[in-house]
$ cat work.cif   # mmCIF, C-alpha atoms
data_protein
#
loop_
_atom_site.label_atom_id
_atom_site.label_comp_id
_atom_site.auth_asym_id
_atom_site.auth_seq_id
_atom_site.Cartn_x
_atom_site.Cartn_y
_atom_site.Cartn_z
CA MET L 15 120.92 87.92 84.89
CA THR L 16 120.06 90.07 81.86
CA PRO L 17 116.89 92.08 82.48
CA ASP L 18 113.88 91.30 80.30
CA PRO L 19 113.73 94.34 77.97
CA THR L 20 109.95 94.10 77.61
CA LEU L 21 109.20 94.04 81.34
CA ASP L 22 111.98 94.00 83.92
CA ARG L 23 109.89 92.85 86.89
CA ALA L 24 112.96 91.98 88.96
CA GLY L 25 114.40 95.47 88.47
CA VAL L 26 111.10 97.12 89.38
CA LEU L 27 110.79 95.02 92.52
CA ARG L 28 114.33 95.91 93.57
CA ARG L 29 113.63 99.59 93.01
CA LEU L 30 110.41 99.39 95.06
CA GLY L 31 112.05 97.68 98.02
CA ASN L 32 110.47 94.31 97.15
CA ASP L 33 106.95 95.67 97.56
CA HIS L 34 104.90 93.35 95.31
CA ALA L 35 101.60 95.11 96.04
CA LEU L 36 103.04 98.47 94.98
CA MET L 37 104.45 96.92 91.81
CA GLU L 38 101.05 95.47 90.92
CA GLU L 39 99.41 98.82 91.63
CA ILE L 40 101.88 100.56 89.31
CA PHE L 41 101.30 97.94 86.61
CA ALA L 42 97.52 98.45 86.88
CA LEU L 43 97.97 102.21 86.59
CA PHE L 44 100.13 101.68 83.51
CA LEU L 45 97.38 99.61 81.87
CA GLU L 46 94.93 102.38 82.69
CA VAL L 47 96.93 105.41 81.53
CA THR L 48 98.73 104.21 78.41
CA PRO L 49 95.83 103.29 76.04
CA PRO L 50 94.46 106.88 76.03
CA LEU L 51 98.02 108.16 75.59
CA LEU L 52 98.49 105.89 72.58
CA LEU L 53 95.21 107.05 71.05
CA ARG L 54 96.33 110.66 71.38
CA LEU L 55 99.73 109.75 69.97
CA ASN L 56 98.13 108.00 66.97
CA ARG L 57 96.11 111.13 66.22
CA ALA L 58 99.16 113.39 66.64
CA VAL L 59 101.23 111.26 64.23
CA GLU L 60 98.37 111.10 61.71
CA SER L 61 98.00 114.86 61.71
CA ALA L 62 101.81 115.40 61.80
CA ASP L 63 101.45 117.43 65.01
CA LEU L 64 105.08 116.99 66.05
CA ALA L 65 104.87 119.19 69.13
CA ALA L 66 102.15 116.90 70.49
CA VAL L 67 104.22 113.84 69.52
CA VAL L 68 107.11 115.15 71.66
CA VAL L 69 104.85 115.65 74.69
CA LEU L 70 103.14 112.25 74.34
CA ALA L 71 106.39 110.35 73.67
CA HIS L 72 107.79 111.96 76.84
CA GLU L 73 104.77 110.82 78.85
CA ILE L 74 105.00 107.26 77.51
CA LYS L 75 108.75 107.23 78.21
CA GLY L 76 108.10 108.17 81.84
CA ALA L 77 105.39 105.55 82.26
CA ALA L 78 107.62 102.90 80.64
CA ALA L 79 110.52 103.74 82.95
CA ASN L 80 108.32 103.33 86.01
CA VAL L 81 107.22 99.80 85.05
CA GLY L 82 110.64 98.66 83.83
CA ALA L 83 109.57 98.52 80.16
CA LEU L 84 113.09 99.15 78.94
CA GLU L 85 112.52 98.63 75.21
CA LEU L 86 109.37 100.76 75.23
CA GLN L 87 111.31 103.47 77.03
CA ARG L 88 113.97 103.28 74.32
CA GLN L 89 111.40 103.45 71.52
CA ALA L 90 109.67 106.44 73.13
CA LYS L 91 113.02 108.19 73.40
CA LEU L 92 113.74 107.57 69.70
CA LEU L 93 110.28 108.82 68.76
CA ASP L 94 110.78 111.93 70.89
CA ALA L 95 114.15 112.60 69.19
CA SER L 96 112.71 112.12 65.67
CA ALA L 97 109.82 114.46 66.42
CA ARG L 98 112.17 117.10 67.84
CA GLN L 99 114.22 116.89 64.65
CA ARG L 100 111.01 117.08 62.62
CA LEU L 101 111.82 113.87 60.71
CA LEU L 102 108.33 112.73 59.78
CA PRO L 103 109.24 109.38 58.09
CA SER L 104 111.31 108.47 61.14
CA VAL L 105 108.48 109.57 63.44
CA ARG L 106 106.09 107.23 61.61
CA GLU L 107 108.56 104.35 61.83
CA HIS L 108 109.24 104.78 65.55
CA HIS L 109 105.57 105.29 66.25
CA GLU L 110 104.80 101.90 64.70
CA LEU L 111 107.59 100.21 66.68
CA LEU L 112 106.43 101.88 69.87
CA ARG L 113 102.84 100.80 69.26
CA LEU L 114 103.92 97.14 68.87
CA GLU L 115 106.18 97.27 71.92
CA LEU L 116 103.46 98.84 74.04
CA GLN L 117 101.18 95.95 73.09
CA ARG L 118 103.89 93.50 74.21
CA VAL L 119 104.32 95.30 77.53
CA CYS L 120 100.58 95.27 78.20
CA GLU L 121 100.46 91.54 77.41
CA ALA L 122 103.45 90.85 79.66
CA ILE L 123 101.86 92.77 82.53
CA SER L 124 98.58 90.91 82.09
CA ALA L 125 100.22 87.46 81.77
CA PRO L 126 100.47 85.29 84.89
CA PHE L 127 103.79 85.93 86.60
CA SER L 128 106.35 83.11 86.43
CA PRO L 129 109.46 84.04 88.45
CA GLU L 130 111.80 81.76 86.47
CA LYS L 131 111.10 83.67 83.25
CA MET O 29 107.26 115.65 107.72
CA ARG O 30 104.92 117.55 105.39
CA THR O 31 105.57 116.94 101.72
CA LEU O 32 104.37 118.52 98.51
CA ILE O 33 104.76 116.29 95.44
CA VAL O 34 104.75 118.23 92.18
CA GLU O 35 104.50 115.84 89.28
CA ASP O 36 102.41 115.79 86.11
CA ASP O 37 102.84 112.06 85.49
CA LEU O 38 100.21 110.01 87.32
CA ILE O 39 102.35 106.91 87.88
CA SER O 40 105.34 108.84 89.23
CA ARG O 41 103.04 110.87 91.43
CA ARG O 42 101.41 107.75 92.88
CA LEU O 43 104.79 106.12 93.45
CA LEU O 44 106.19 109.10 95.34
CA GLN O 45 103.01 109.38 97.37
CA LYS O 46 103.24 105.71 98.39
CA MET O 47 106.94 106.00 99.20
CA LEU O 48 106.64 109.20 101.24
CA SER O 49 103.31 108.76 103.03
CA PRO O 50 104.80 106.56 105.82
CA PHE O 51 106.73 109.67 106.94
CA GLY O 52 103.82 112.08 107.15
CA GLU O 53 101.25 114.06 105.27
CA CYS O 54 101.68 114.23 101.47
CA HIS O 55 99.94 116.67 99.19
CA VAL O 56 100.09 116.61 95.41
CA ALA O 57 100.13 119.23 92.70
CA VAL O 58 100.01 118.37 89.02
CA ASN O 59 101.78 121.46 87.71
CA GLY O 60 103.95 124.36 88.82
CA LYS O 61 101.04 126.75 89.12
CA GLU O 62 99.20 124.48 91.57
CA ALA O 63 102.45 123.97 93.47
CA VAL O 64 103.02 127.70 93.94
CA GLU O 65 99.47 128.11 95.25
CA ALA O 66 99.75 125.18 97.69
CA PHE O 67 103.20 126.28 98.88
CA SER O 68 102.07 129.89 99.54
CA LEU O 69 98.93 128.76 101.31
CA ALA O 70 100.90 126.40 103.56
CA LEU O 71 103.21 129.25 104.59
CA VAL O 72 100.31 131.62 105.22
CA GLU O 73 98.61 128.96 107.36
CA ARG O 74 101.89 128.41 109.25
CA GLU O 75 102.02 124.79 108.17
CA PRO O 76 104.93 124.95 105.73
CA TYR O 77 106.16 122.01 103.74
CA ASP O 78 109.38 120.39 104.93
CA LEU O 79 109.97 118.81 101.54
CA VAL O 80 108.96 119.56 97.97
CA CYS O 81 109.59 116.91 95.30
CA LEU O 82 109.58 118.85 92.07
CA ASP O 83 109.54 117.39 88.58
CA ILE O 84 111.77 119.30 86.16
CA MET O 85 109.74 118.75 83.02
CA MET O 86 106.12 119.80 83.29
CA PRO O 87 103.74 121.66 81.01
CA GLU O 88 102.71 125.25 81.79
CA MET O 89 105.22 126.21 84.51
CA ASP O 90 108.19 123.83 84.46
CA GLY O 91 110.27 122.74 87.46
CA GLN O 92 112.97 125.39 87.00
CA GLU O 93 110.48 128.24 86.97
CA CYS O 94 108.55 126.71 89.84
CA LEU O 95 111.73 126.34 91.93
CA LYS O 96 112.50 130.03 91.48
CA ALA O 97 108.93 130.97 92.37
CA LEU O 98 108.97 128.86 95.57
CA ARG O 99 112.26 130.38 96.75
CA ARG O 100 110.97 133.86 95.92
CA ILE O 101 107.86 133.23 98.05
CA GLU O 102 110.04 132.13 100.98
CA ALA O 103 112.17 135.26 100.60
CA GLU O 104 109.11 137.50 100.44
CA MET O 105 107.67 135.85 103.54
CA LYS O 106 111.07 136.20 105.26
CA VAL O 107 111.45 132.51 106.00
CA PRO O 108 114.80 132.07 107.82
CA PRO O 109 117.28 130.04 105.71
CA LYS O 110 117.30 127.18 108.21
CA GLN O 111 113.54 126.84 107.93
CA GLU O 112 113.40 126.85 104.14
CA ALA O 113 111.83 123.79 102.53
CA LYS O 114 114.13 121.13 101.15
CA ILE O 115 113.48 120.90 97.44
CA PHE O 116 114.38 117.69 95.62
CA MET O 117 114.24 117.99 91.86
CA THR O 118 113.13 114.79 90.13
CA THR O 119 114.34 114.09 86.64
CA ALA O 120 115.00 111.44 84.03
CA LEU O 121 118.66 110.85 83.23
CA ASP O 122 118.35 112.55 79.84
CA SER O 123 117.39 115.86 81.41
CA MET O 124 120.31 116.02 83.85
CA LYS O 125 121.48 119.25 82.23
CA ASN O 126 118.39 120.95 83.63
CA VAL O 127 119.14 119.68 87.12
CA MET O 128 122.67 120.99 87.01
CA GLU O 129 121.29 124.36 86.00
CA ALA O 130 118.96 124.26 88.99
CA TYR O 131 121.95 123.52 91.22
CA HIS O 132 124.11 126.26 89.80
CA ARG O 133 121.41 128.88 89.96
CA GLY O 134 120.74 127.83 93.54
CA GLY O 135 117.66 126.84 95.36
CA CYS O 136 117.63 123.13 94.69
CA THR O 137 118.61 120.94 97.67
CA ALA O 138 119.14 117.61 95.91
CA TYR O 139 118.00 115.66 92.91
CA LEU O 140 116.52 112.22 92.38
CA VAL O 141 116.77 110.34 89.12
CA LYS O 142 113.52 108.88 87.81
CA PRO O 143 112.31 106.20 88.04
CA ILE O 144 112.72 106.79 91.76
CA ALA O 145 114.28 103.98 93.78
CA LEU O 146 112.96 103.58 97.32
CA GLU O 147 116.40 103.02 98.84
CA LYS O 148 117.89 106.09 97.18
CA LEU O 149 114.92 108.18 98.32
CA HIS O 150 115.37 107.05 101.94
CA GLU O 151 119.10 107.72 101.73
CA THR O 152 118.50 111.27 100.48
CA LEU O 153 115.84 111.92 103.14
CA ARG O 154 118.32 110.80 105.81
CA GLU O 155 121.13 112.90 104.29
CA TYR O 156 119.04 116.04 104.68
CA LYS O 157 117.80 114.96 108.12
CA LEU O 158 114.18 114.73 107.03
CA ILE O 159 113.99 111.27 108.57
CA ALA O 160 116.10 109.61 111.25
#

$ encode --input "work.cif" --output "structure tokens"
Amino acid sequence: MTPDPTLDRAGVLRRLGNDHALMEEIFALFLEVTPPLLLRLNRAVESADLAAVVVLAHEIKGAAANVGALELQRQAKLLDASARQRLLPSVREHHELLRLELQRVCEAISAPFSPEK
Amino acid sequence: MRTLIVEDDLISRRLLQKMLSPFGECHVAVNGKEAVEAFSLALVEREPYDLVCLDIMMPEMDGQECLKALRRIEAEMKVPPKQEAKIFMTTALDSMKNVMEAYHRGGCTAYLVKPIALEKLHETLREYKLIA
């Protein structure tokens, strides 16, 4: 079965030895830590502080990997790469895509879980 | 087994703590500087860590620098090679180059790719005889 790129619950569960409680705890932590990270990222992009963008994209990438947010992880990686190359238009573009994907991930985590999905 | 988890990312830190706490006491450090302090103190108090899980990419003192510092402390305190802590570097796949450097320069026991998988962690702990 192809993993859900927004939130690969099945993959996370496999990785955590089928520990549902731990998965839920990690999801809750994700919902807690990412909004402040996004706020800081928004400010860094606005002020074209590319060094800060690299650090924050790295942090979001790590958080995304832990919750199986594959597309968010990919977007954070692209943002990180653009910031390292100092490509400001590309940074802005990937920042916007990341912001939208992060919203999707948060919604998917908060939505009632239906195993057949 | 006494473990020191060195990780700046809250979620990864919590995960490792949950995965390792069934095997004994786990302490956490959020950067290399804190790790060096905790590691030294543990040796001075004769309660050394058996395992250190060390993130490669951290602000201030990164994993590479921290690894060197921990091995230097053991050498200064004349810890016999067999009693040295096992140090597992933790890294995302895109920073594998850093891990290989840690291997080649010595001092790193093993590496774990993040996000950490429970089964792989157990397998590595068994491989280095940290658990039965």

$ closest_atom_pairs --input "work.cif" --of "chain O" --to "chain L" --cutoff "12 Å" --atoms "all atoms listed in the file" --output "CSV"
residue,atom,partner,partner_atom,distance
O:Glu35,CA,L:Gly76,CA,11.3
O:Asp36,CA,L:Glu73,CA,9.1
O:Asp37,CA,L:Glu73,CA,7.0
O:Leu38,CA,L:Val47,CA,8.1
O:Ile39,CA,L:Ile40,CA,6.5
O:Ser40,CA,L:Asn80,CA,7.0
O:Arg41,CA,L:Ile40,CA,10.6
O:Arg42,CA,L:Ile40,CA,8.0
O:Leu43,CA,L:Ile40,CA,7.5
O:Leu44,CA,L:Leu30,CA,10.6
O:Gln45,CA,L:Leu36,CA,11.2
O:Lys46,CA,L:Leu36,CA,8.0
O:Met47,CA,L:Leu30,CA,8.5
O:Asp83,CA,L:Gly76,CA,11.5
O:Met85,CA,L:His72,CA,9.4
O:Met86,CA,L:Val69,CA,9.6
O:Pro87,CA,L:Val69,CA,8.8
O:Thr118,CA,L:Gly76,CA,11.7
O:Thr119,CA,L:Gly76,CA,9.9
O:Ala120,CA,L:Gly76,CA,7.9
O:Leu121,CA,L:Ala79,CA,10.8
O:Asp122,CA,L:Lys91,CA,9.4
O:Ser123,CA,L:His72,CA,11.3
O:Val141,CA,L:Ala79,CA,11.0
O:Lys142,CA,L:Ala79,CA,7.7
O:Pro143,CA,L:Asn80,CA,5.3
O:Ile144,CA,L:Arg29,CA,7.4
O:Ala145,CA,L:Arg29,CA,4.5
O:Leu146,CA,L:Leu30,CA,5.4
O:Glu147,CA,L:Gly31,CA,6.9
O:Lys148,CA,L:Arg29,CA,8.8
O:Leu149,CA,L:Arg29,CA,10.2
O:His150,CA,L:Gly31,CA,10.7

$ residues_around --input "work.cif" --residues "Val64 in chain O" --least-positions-apart "4" --cutoff "12 Å" --atoms "all atoms listed in the file" --output "number ranges by chain"
O: 32-34, 56-60, 68-71, 77, 80, 82, 89-91, 93-102

$ resolve_selection --input "work.cif" --expression "the PyMOL selection byres ((chain L and resi 117-122) around 7)" --output "number ranges by chain"
L: 20-21, 45, 83, 113-116, 123-125

$ atom_distance --input "work.cif" --atom1 "CA of Asp63 in chain L" --atom2 "CA of Ile84 in chain O"
23.6 Å

$ atom_distance --input "work.cif" --atom1 "CA of Gln89 in chain L" --atom2 "CA of Met15 in chain L"
22.6 Å

$ atom_distance --input "work.cif" --atom1 "CA of Leu158 in chain O" --atom2 "CA of Phe116 in chain O"
11.8 Å

$ axis_aligned_box --input "work.cif" --around "range 31-40 of chain O" --padding-each-side "4 Å" --output "JSON"
{"center_x": 102.9, "center_y": 112.7, "center_z": 93.6, "size_x": 13.4, "size_y": 19.6, "size_z": 24.2}

$ residues_around --input "work.cif" --residues "range 53-60 of chain L" --least-positions-apart "3" --cutoff "9 Å" --atoms "all atoms listed in the file" --output "ChimeraX atom specification"
/L:48-50,63-67,70-71,102,105-106,109,113

$ residues_around --input "work.cif" --residues "Leu112 in chain L" --least-positions-apart "6" --cutoff "9 Å" --atoms "all atoms listed in the file" --output "PDB file with C-alpha atoms, in the frame of the given file"
ATOM      1  CA  GLU L  85     112.520  98.630  75.210  1.00  0.00           C
ATOM      2  CA  LEU L  86     109.370 100.760  75.230  1.00  0.00           C
ATOM      3  CA  GLN L  87     111.310 103.470  77.030  1.00  0.00           C
ATOM      4  CA  ARG L  88     113.970 103.280  74.320  1.00  0.00           C
ATOM      5  CA  GLN L  89     111.400 103.450  71.520  1.00  0.00           C
ATOM      6  CA  ALA L  90     109.670 106.440  73.130  1.00  0.00           C
ATOM      7  CA  LEU L  93     110.280 108.820  68.760  1.00  0.00           C
TER       8      LEU L  93
END
